[in-house]
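So this block is input_25.txt, compact mmCIF, C-alpha atoms (C1' of nucleotides):
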# COMPACT_ATOMS: atom_id res chain seq x y z
CA MET R 21 55.96 124.83 66.96
CA LEU R 22 58.20 122.88 64.68
CA LEU R 23 56.15 119.69 64.79
CA SER R 24 52.46 119.60 64.11
CA THR R 25 50.22 116.78 65.25
CA LYS R 26 51.08 115.03 62.02
CA GLY R 27 54.60 114.30 63.15
CA ASP R 28 53.50 113.52 66.65
CA TYR R 29 50.65 111.18 65.66
CA GLY R 30 52.63 109.62 62.86
CA VAL R 31 55.49 108.69 65.13
CA ARG R 32 53.06 107.33 67.70
CA ALA R 33 51.61 105.12 65.02
CA MET R 34 55.05 103.92 63.99
CA ILE R 35 55.85 103.08 67.60
CA ASP R 36 52.63 101.15 67.88
CA LEU R 37 53.37 99.17 64.74
CA ALA R 38 56.92 98.50 65.88
CA LYS R 39 55.65 97.20 69.19
CA HIS R 40 53.54 94.65 67.33
CA GLU R 41 56.24 93.78 64.85
CA GLY R 42 55.91 90.16 63.79
CA GLY R 43 52.41 89.83 65.13
CA GLY R 44 50.46 90.35 61.93
CA PRO R 45 48.69 93.46 60.71
CA VAL R 46 47.53 96.04 63.22
CA GLN R 47 44.27 97.77 62.54
CA ARG R 48 43.79 101.48 62.25
CA ALA R 49 41.12 101.44 64.93
CA GLU R 50 43.44 99.77 67.42
CA ILE R 51 46.23 102.23 66.83
CA ALA R 52 43.82 105.12 67.08
CA ARG R 53 42.42 103.89 70.37
CA ARG R 54 45.72 103.02 72.01
CA ARG R 55 47.51 106.16 70.92
CA GLN R 56 44.65 108.60 71.20
CA ILE R 57 44.51 109.64 67.60
CA PRO R 58 41.30 110.47 65.72
CA GLU R 59 40.83 107.47 63.52
CA SER R 60 39.80 109.26 60.37
CA TYR R 61 42.79 111.54 60.66
CA LEU R 62 45.13 108.65 61.28
CA ASP R 63 43.95 107.39 57.93
CA HIS R 64 45.80 110.21 56.17
CA LEU R 65 48.94 109.71 58.17
CA LEU R 66 49.07 106.01 57.44
CA ALA R 67 48.69 106.85 53.76
CA GLN R 68 51.68 109.18 53.96
CA LEU R 69 53.73 106.61 55.78
CA ARG R 70 52.82 104.00 53.21
CA ARG R 71 53.67 106.22 50.28
CA ALA R 72 56.99 106.97 51.96
CA GLY R 73 57.69 103.24 52.18
CA PHE R 74 57.72 102.83 55.93
CA ILE R 75 54.67 100.64 56.21
CA ARG R 76 52.54 98.40 54.08
CA SER R 77 48.85 97.75 54.45
CA VAL R 78 46.56 94.76 53.99
CA ARG R 79 42.90 95.07 53.12
CA GLY R 80 40.00 92.91 54.00
CA PRO R 81 39.07 91.19 57.24
CA GLY R 82 42.10 90.62 59.43
CA GLY R 83 43.88 93.32 57.50
CA GLY R 84 45.75 96.28 58.89
CA HIS R 85 49.16 97.84 58.77
CA LEU R 86 52.70 96.59 59.25
CA LEU R 87 56.18 97.98 59.18
CA ALA R 88 57.70 97.53 55.75
CA ARG R 89 61.20 97.32 57.25
CA PRO R 90 62.61 96.37 60.65
CA ALA R 91 62.10 99.06 63.26
CA GLU R 92 65.84 99.19 63.87
CA GLU R 93 66.38 100.44 60.35
CA ILE R 94 63.87 103.27 60.48
CA CYS R 95 65.13 106.48 62.00
CA LEU R 96 63.08 109.26 63.46
CA LEU R 97 64.48 111.84 61.09
CA HIS R 98 63.20 110.10 57.99
CA VAL R 99 59.78 109.44 59.46
CA LEU R 100 59.36 113.03 60.56
CA GLU R 101 60.56 114.43 57.29
CA ALA R 102 58.11 112.22 55.43
CA LEU R 103 55.28 113.53 57.56
CA GLU R 104 56.23 117.15 58.04
CA GLY R 105 58.41 118.01 55.11
CA SER R 106 61.63 119.78 55.92
CA LEU R 107 62.32 120.34 59.59
CA ALA R 108 64.48 123.38 58.94
CA PRO R 109 63.83 125.91 61.70
CA LEU R 110 64.44 128.77 59.30
CA GLY R 111 63.37 129.00 55.70
CA CYS R 112 66.73 129.91 54.25
CA LEU R 113 68.48 126.85 55.68
CA ASP R 114 67.14 124.48 53.08
CA ASN R 115 68.03 126.53 50.06
CA THR R 116 71.22 124.79 49.25
CA GLU R 117 71.14 126.74 46.02
CA ALA R 118 74.36 128.53 45.43
CA GLY R 119 74.23 132.29 45.44
CA GLN R 120 71.63 132.45 48.15
CA GLU R 121 72.40 135.61 49.99
CA ALA R 122 72.44 135.38 53.74
CA ILE R 123 70.38 138.35 54.66
CA CYS R 124 68.75 137.56 57.95
CA GLY R 125 72.01 137.49 59.92
CA GLN R 126 71.25 134.57 62.16
CA GLU R 127 71.50 131.64 59.75
CA TRP R 128 74.85 130.53 61.07
CA VAL R 129 73.42 130.04 64.56
CA TRP R 130 70.45 128.13 63.28
CA GLN R 131 72.54 126.04 60.96
CA GLU R 132 74.41 124.67 63.96
CA ILE R 133 71.17 123.97 65.76
CA TYR R 134 69.70 122.31 62.70
CA ASP R 135 72.77 120.12 62.29
CA ASN R 136 72.61 119.03 65.89
CA MET R 137 68.92 118.29 65.51
CA ARG R 138 69.31 116.19 62.41
CA GLY R 139 72.17 114.33 63.99
CA LYS R 140 70.15 113.40 67.02
CA LEU R 141 67.04 112.49 65.04
CA SER R 142 68.91 110.29 62.64
CA GLY R 143 70.58 108.53 65.56
CA VAL R 144 67.31 107.35 67.02
CA SER R 145 65.43 104.42 65.49
CA VAL R 146 61.81 103.54 65.97
CA ALA R 147 63.00 100.43 67.77
CA GLU R 148 64.75 102.62 70.33
CA LEU R 149 61.59 104.59 70.88
CA VAL R 150 59.79 101.36 71.63
CA GLU R 151 62.50 100.27 74.02
CA HIS R 152 62.36 103.62 75.76
CA GLU R 153 58.63 103.30 76.14
CA ARG R 154 58.93 99.81 77.59
CA VAL R 155 61.36 101.03 80.22
CA HIS R 156 59.11 103.93 81.06
CA GLU R 157 56.14 101.61 81.40
CA ARG R 158 57.96 99.43 83.90
CA ASP R 159 58.96 102.51 85.87
CA THR R 160 55.51 103.91 86.19
CA ALA R 161 53.60 100.64 86.26
CA GLY R 162 50.15 101.14 87.69
CA THR R 163 50.69 104.80 88.50
CA THR R 164 50.09 106.29 85.10
CA PRO R 165 46.72 107.87 84.30
CA LEU R 166 46.87 107.11 80.62
CA GLY R 167 48.88 104.98 78.47
CA ASN R 168 49.04 101.33 78.85
CA TYR R 169 49.66 100.82 75.20
CA ASN R 170 49.32 97.09 75.50
CA ILE R 171 45.59 97.09 76.10
CA MET Q 29 59.22 126.02 60.17
CA LEU Q 30 59.99 126.95 63.72
CA LEU Q 31 60.59 130.63 63.02
CA SER Q 32 58.11 132.80 61.21
CA THR Q 33 59.08 136.03 59.52
CA LYS Q 34 58.43 137.74 62.83
CA GLY Q 35 61.52 136.24 64.40
CA ASP Q 36 63.54 136.71 61.28
CA TYR Q 37 62.54 140.34 60.68
CA GLY Q 38 62.67 141.19 64.36
CA VAL Q 39 66.23 139.96 64.72
CA ARG Q 40 67.22 141.80 61.56
CA ALA Q 41 65.83 144.96 63.10
CA MET Q 42 67.75 144.38 66.31
CA ILE Q 43 70.93 143.88 64.34
CA ASP Q 44 70.33 147.09 62.49
CA LEU Q 45 69.78 149.01 65.71
CA ALA Q 46 72.85 147.45 67.29
CA LYS Q 47 74.92 148.48 64.33
CA HIS Q 48 73.89 152.08 64.90
CA GLU Q 49 74.29 151.93 68.65
CA GLY Q 50 75.33 155.30 69.99
CA GLY Q 51 74.37 157.12 66.81
CA GLY Q 52 70.97 158.41 67.80
CA PRO Q 53 67.54 157.02 66.90
CA VAL Q 54 67.16 154.98 63.76
CA GLN Q 55 63.96 155.40 61.83
CA ARG Q 56 61.57 152.65 60.92
CA ALA Q 57 61.81 153.51 57.24
CA GLU Q 58 65.59 153.15 57.24
CA ILE Q 59 65.49 149.78 58.94
CA ALA Q 60 62.77 148.60 56.59
CA ARG Q 61 64.72 149.65 53.53
CA ARG Q 62 68.10 148.29 54.61
CA ARG Q 63 66.76 144.99 55.90
CA GLN Q 64 64.05 144.42 53.33
CA ILE Q 65 61.12 144.40 55.68
CA PRO Q 66 57.66 145.79 54.82
CA GLU Q 67 57.56 148.99 56.81
CA SER Q 68 54.02 148.72 58.07
CA TYR Q 69 54.71 145.22 59.29
CA LEU Q 70 57.94 146.25 60.95
CA ASP Q 71 55.81 148.63 62.94
CA HIS Q 72 54.24 145.72 64.80
CA LEU Q 73 57.54 144.05 65.45
CA LEU Q 74 59.10 147.19 66.88
CA ALA Q 75 56.09 147.50 69.15
CA GLN Q 76 56.66 143.98 70.42
CA LEU Q 77 60.34 144.62 70.95
CA ARG Q 78 59.55 147.80 72.82
CA ARG Q 79 56.99 146.15 75.08
CA ALA Q 80 59.56 143.44 75.78
CA GLY Q 81 62.02 146.10 76.87
CA PHE Q 82 64.67 145.60 74.20
CA ILE Q 83 64.27 148.94 72.51
CA ARG Q 84 62.88 152.36 73.19
CA SER Q 85 61.38 154.74 70.69
CA VAL Q 86 61.36 158.49 70.23
CA ARG Q 87 58.56 160.33 68.45
CA GLY Q 88 58.66 163.44 66.39
CA PRO Q 89 61.10 164.68 63.77
CA GLY Q 90 64.50 163.11 64.24
CA GLY Q 91 62.86 160.36 66.24
CA GLY Q 92 63.26 156.65 65.77
CA HIS Q 93 64.28 153.59 67.70
CA LEU Q 94 67.25 152.68 69.89
CA LEU Q 95 68.41 149.72 71.88
CA ALA Q 96 67.31 150.02 75.48
CA ARG Q 97 70.34 148.04 76.66
CA PRO Q 98 73.81 147.35 75.25
CA ALA Q 99 73.79 144.84 72.41
CA GLU Q 100 76.19 142.64 74.34
CA GLU Q 101 73.58 142.07 77.00
CA ILE Q 102 70.78 141.03 74.68
CA CYS Q 103 70.78 137.39 73.68
CA LEU Q 104 69.10 135.87 70.68
CA LEU Q 105 67.01 133.52 72.78
CA HIS Q 106 65.23 136.30 74.61
CA VAL Q 107 64.60 138.31 71.49
CA LEU Q 108 63.18 135.34 69.64
CA GLU Q 109 61.02 134.26 72.53
CA ALA Q 110 59.63 137.76 72.80
CA LEU Q 111 58.71 137.70 69.13
CA GLU Q 112 57.64 134.13 68.61
CA GLY Q 113 56.56 132.92 71.98
CA SER Q 114 57.93 129.59 73.05
CA LEU Q 115 60.36 127.98 70.65
CA ALA Q 116 59.55 124.49 71.85
CA PRO Q 117 59.63 122.18 68.84
CA LEU Q 118 56.92 120.01 70.37
CA GLY Q 119 53.89 121.16 72.32
CA CYS Q 120 54.38 118.95 75.34
CA LEU Q 121 57.89 120.25 76.04
CA ASP Q 122 56.73 123.46 77.63
CA ASN Q 123 54.26 121.98 80.00
CA THR Q 124 56.42 121.97 83.04
CA GLU Q 125 53.27 121.08 84.94
CA ALA Q 126 53.77 118.02 87.04
CA GLY Q 127 51.74 114.99 86.13
CA GLN Q 128 51.91 115.63 82.43
CA GLU Q 129 51.85 112.23 80.91
CA ALA Q 130 54.40 111.58 78.22
CA ILE Q 131 52.28 110.02 75.57
CA CYS Q 132 53.86 110.81 72.28
CA GLY Q 133 56.98 108.73 72.88
CA GLN Q 134 59.53 111.06 71.39
CA GLU Q 135 59.65 113.86 73.97
CA TRP Q 136 62.98 112.71 75.36
CA VAL Q 137 64.66 113.11 72.00
CA TRP Q 138 63.18 116.53 71.45
CA GLN Q 139 63.97 117.62 74.97
CA GLU Q 140 67.66 117.12 74.23
CA ILE Q 141 67.36 119.01 70.98
CA TYR Q 142 65.45 121.82 72.66
CA ASP Q 143 68.06 122.10 75.40
CA ASN Q 144 70.85 122.30 72.86
CA MET Q 145 68.94 124.92 70.95
CA ARG Q 146 68.26 127.13 73.95
CA GLY Q 147 71.86 126.81 75.01
CA LYS Q 148 73.16 127.99 71.69
CA LEU Q 149 70.63 130.79 71.35
CA SER Q 150 71.31 132.13 74.80
CA GLY Q 151 75.03 132.06 74.09
CA VAL Q 152 74.76 134.46 71.18
CA SER Q 153 74.26 138.18 71.75
CA VAL Q 154 72.99 140.71 69.26
CA ALA Q 155 76.46 142.24 69.37
CA GLU Q 156 77.92 138.98 68.13
CA LEU Q 157 75.46 138.91 65.26
CA VAL Q 158 76.63 142.36 64.26
CA GLU Q 159 80.26 141.31 64.48
CA HIS Q 160 79.53 138.26 62.37
CA GLU Q 161 77.84 140.41 59.79
CA ARG Q 162 80.79 142.83 59.67
CA VAL Q 163 83.19 139.98 59.01
CA HIS Q 164 80.93 138.60 56.31
CA GLU Q 165 80.71 142.02 54.69
CA ARG Q 166 84.47 142.33 54.49
CA ASP Q 167 84.71 138.85 52.99
CA THR Q 168 82.24 139.49 50.23
CA ALA Q 169 82.93 143.17 49.68
CA GLY Q 170 81.61 144.30 46.33
CA THR Q 171 80.52 140.84 45.26
CA THR Q 172 77.22 140.63 47.06
CA PRO Q 173 74.00 141.22 45.13
CA LEU Q 174 72.08 142.52 48.10
CA GLY Q 175 72.92 143.69 51.46
CA ASN Q 176 75.19 146.55 52.06
CA TYR Q 177 73.46 147.41 55.25
CA ASN Q 178 75.40 150.61 55.60
CA ILE Q 179 73.71 152.45 52.78
C1' DA O 18 27.18 87.41 49.11
C1' DC O 19 28.70 90.03 52.72
C1' DA O 20 31.16 91.95 56.32
C1' DA O 21 35.54 93.80 57.54
C1' DT O 22 39.03 96.48 56.39
C1' DG O 23 41.92 99.80 53.88
C1' DT O 24 42.06 103.91 50.02
C1' DC O 25 41.14 108.17 48.31
C1' DG O 26 39.48 112.64 47.54
C1' DA O 27 36.27 116.41 48.66
C1' DC O 28 34.99 119.28 52.03
C1' DT O 29 35.13 122.29 56.36
C1' DG O 30 35.90 125.37 60.48
C1' DA O 31 39.37 127.48 63.11
C1' DA O 32 43.69 129.39 63.66
C1' DT O 33 47.80 131.57 62.12
C1' DT O 34 50.59 134.34 59.04
C1' DA O 35 51.79 138.28 56.88
C1' DG O 36 50.57 141.87 56.04
C1' DT O 37 47.72 146.87 54.91
C1' DC O 38 45.41 151.00 56.36
C1' DG O 39 43.69 154.73 58.92
C1' DT O 40 43.54 157.48 62.82
C1' DG O 41 45.72 159.61 66.52
C1' DA O 42 49.56 161.22 69.61
C1' DA O 43 54.11 163.33 70.52
C1' DT O 44 57.48 166.54 69.35
C1' DA O 45 60.98 169.48 66.89
C1' DC O 46 61.23 173.47 64.26
C1' DG O 47 60.16 177.91 62.33
C1' DC S 7 51.07 178.64 67.08
C1' DG S 8 51.09 175.62 62.99
C1' DT S 9 52.92 172.14 60.55
C1' DA S 10 55.67 168.41 59.19
C1' DT S 11 57.70 164.32 60.92
C1' DT S 12 57.78 160.39 63.25
C1' DC S 13 55.97 156.72 66.22
C1' DA S 14 51.54 154.08 68.35
C1' DC S 15 47.77 151.30 68.04
C1' DG S 16 43.93 148.85 66.56
C1' DA S 17 40.82 147.26 62.80
C1' DC S 18 40.70 144.79 58.90
C1' DT S 19 41.95 141.20 55.26
C1' DA S 20 43.64 137.52 52.02
C1' DA S 21 46.04 133.36 51.86
C1' DT S 22 47.54 129.36 53.92
C1' DT S 23 47.81 125.62 57.07
C1' DC S 24 45.91 122.60 60.56
C1' DA S 25 43.14 119.21 62.10
C1' DG S 26 40.12 116.95 61.15
C1' DT S 27 35.20 114.69 59.05
C1' DC S 28 32.67 112.25 55.62
C1' DG S 29 31.26 109.48 51.88
C1' DA S 30 32.11 106.55 48.06
C1' DC S 31 34.91 102.89 46.54
C1' DA S 32 38.28 98.87 46.39
C1' DT S 33 39.93 94.49 48.28
C1' DT S 34 39.60 90.26 50.50
C1' DG S 35 38.54 86.46 54.03
C1' DT S 36 34.61 83.46 55.25
Would you encode the structure as structure tokens?
Amino acid sequence: MLLSTKGDYGVRAMIDLAKHEGGGPVQRAEIARRRQIPESYLDHLLAQLRRAGFIRSVRGPGGGHLLARPAEEICLLHVLEALEGSLAPLGCLDNTEAGQEAICGQEWVWQEIYDNMRGKLSGVSVAELVEHERVHERDTAGTTPLGNYNI
Amino acid sequence: MLLSTKGDYGVRAMIDLAKHEGGGPVQRAEIARRRQIPESYLDHLLAQLRRAGFIRSVRGPGGGHLLARPAEEICLLHVLEALEGSLAPLGCLDNTEAGQEAICGQEWVWQEIYDNMRGKLSGVSVAELVEHERVHERDTAGTTPLGNYNI
DNA sequence: ACAATGTCGACTGAATTAGTCGTGAATACG
DNA sequence: CGTATTCACGACTAATTCAGTCGACATTGT
């Protein structure tokens, strides 16, 4: 599995924050409840996202977390790389060092796949993820077992 | 990292066997030496490849391993899936079960990436990997630090 | 002052990775 | 037959990562 729960949960959190953009800070506990993330684990992910500059946080009563930049300007690739480190499917693909000998014989295939992946991920913003979710919600209104993220 | 050394080493071994197609069994020790794989670990990988039907093995003096089918008919996708299990970048992508609720909000992006990946991997045969390697060898003849796989 | 909230680091149990090792089985060869 | 060669298989292990939990502390609104 390329993505661990870190990337998954972290993106969920970003979507949640984007959905409440402009509405003041959103609390960890809310995000955790709506997106089904263990709250104390979410803590770490929010810290990573903050250090990476995607969100900022406010302490004290009424505090919480907000996007540091508009959701349209934050792409999935950057968020995931901040959370997961490199997304390279194969170790040797990130060694841009010259003189690296291609020994495993399949790098060229994976390089194409990796390029396609990065292209797609950098073409999708957090705002688009929110929009996608909104459409999906309308489609399945009332029929979905989980996931009314507006509660 | 999507691929562990299993997939990497296993494909290297398949390439090595394909390169010696028609030349009788190739011994574990040879493969290990040429492809820089710990021999006792390679043992496990060959077992997996054999159980998956890609190779067959011959015991006794002069024994070794051979492709069970022509290299042209073996695609990278199948080999890798045999070694690594599912290559799905995200857990939820392999649950073809109906009723699976999309909760993480990014499945649609990853589904596209996964489809592209599987398409490319199933379009490349082990024979093509060998051919690619032969071309690369000619290009870098004498200049390469490692990797004359013909020794 | 105090309650609500975020911040940070230490700690943990389970799983996975990347192997090693030893024993045993098959077989070619003399 | 005996022996050397080669694969077959399972037990074991050390290191790392994953997926959290927990507790102490800092900040701030009322």
Using all atoms listed in the file, the best pick from O:DT40, O:DG30, O:DT22, O:DC46 as closest to chain Q would be O:DC46
Can you tell me, as number ranges by chain, what residues are no more than 12 Å from His64 in chain R when counting only C-alpha atoms (C1' of nucleotides), ignoring any on the same chain fewer than 6 positions away? R: 26-27, 29-30, 33, 48, 57-58, 70-71, 103; O: 23-26; S: 25-27
Long-range neighbours of DA21 in chain O as a list in words, 8 Å cut-off, only C-alpha atoms (C1' of nucleotides), 5 positions minimum in chain: Gly80, Pro81 and Gly82 of chain R
Select, from Q:Ala60, Q:Ala46, Q:Ala80, Q:Val86, the residue with the minimum atom-to-atom distance to chain O, counting all atoms listed in the file. Q:Val86
Rounded to one decimal in Å, what is the spacing between C1' of DA45 in chain O and CA of Arg87 in chain Q?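 Spanning C1' of DA45 in chain O to CA of Arg87 in chain Q is a straight-line distance of 9.6 Å.
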Residue list for chain S near chain Q as a ChimeraX atom specification, 9 Å, all atoms listed in the file: /S:10-14
Nearest residue to DC18 in chain S from the set O:DC38, O:DA32, O:DC19, O:DA27 (distances using only C-alpha atoms (C1' of nucleotides)): O:DC38
Using CA of Leu105 in chain Q and CA of Arg146 in chain Q as the two end points, give the distance in Å to one decimal.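 Computed distance, CA of Leu105 in chain Q to CA of Arg146 in chain Q, equals 6.6 Å.
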Would you please work out which residue, of Q:Val107, Q:Leu45, Q:Val154, Q:Leu115, is nearest to Arg84 in chain Q when using all atoms listed in the file?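 Nearest candidate to Arg84 in chain Q out of Q:Val107, Q:Leu45, Q:Val154, Q:Leu115: Q:Leu45.
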Atomic separation - CA of Ile141 in chain Q relative to CA of Ser145 in chain R, Å: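 Computed distance, CA of Ser145 in chain R to CA of Ile141 in chain Q, equals 15.7 Å.
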Would you give me, as CSV, each residue of chain O having an atom within 7 Å of an atom of chain Q, along with its shortest atom pair and that distance in Å to one decimal, using all atoms listed in the file and sorting by chain and residue number?
residue,atom,partner,partner_atom,distance
O:DG36,C1',Q:Tyr69,CA,6.2
O:DA43,C1',Q:Arg87,CA,5.8
O:DT44,C1',Q:Gly88,CA,4.4
O:DA45,C1',Q:Pro89,CA,5.7
Restricting the calculation to only C-alpha atoms, which member of R:Ile75, R:Ile94, R:Ala88, R:Leu100 is positioned closest to chain Q? R:Leu100
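Selecting chain R residues within 7 Å of chain Q and counting all atoms listed in the file yields Met21, Leu22, Leu23, Asp28, Arg32, Leu107, Ala108, Pro109, Leu110, Gly111, Ile123, Cys124, Gly125, Gln126, Ile133, Met137, Leu149, Glu153 and Gly167 of chain R.
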Centre and edge lengths of an axis-aligned box around all listed atoms of range 7-25 of chain S, with 3 Å added on each side, are to be given in Å to one decimal, as AutoDock Vina command-line options.
--center_x 49.2 --center_y 148.9 --center_z 60.1 --size_x 23.1 --size_y 65.4 --size_z 22.5
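Using only C-alpha atoms (C1' of nucleotides) for every distance, the candidate list S:DC24, S:DT36, S:DA17, S:DG29 yields S:DA17 as the residue closest to DG39 in chain O.
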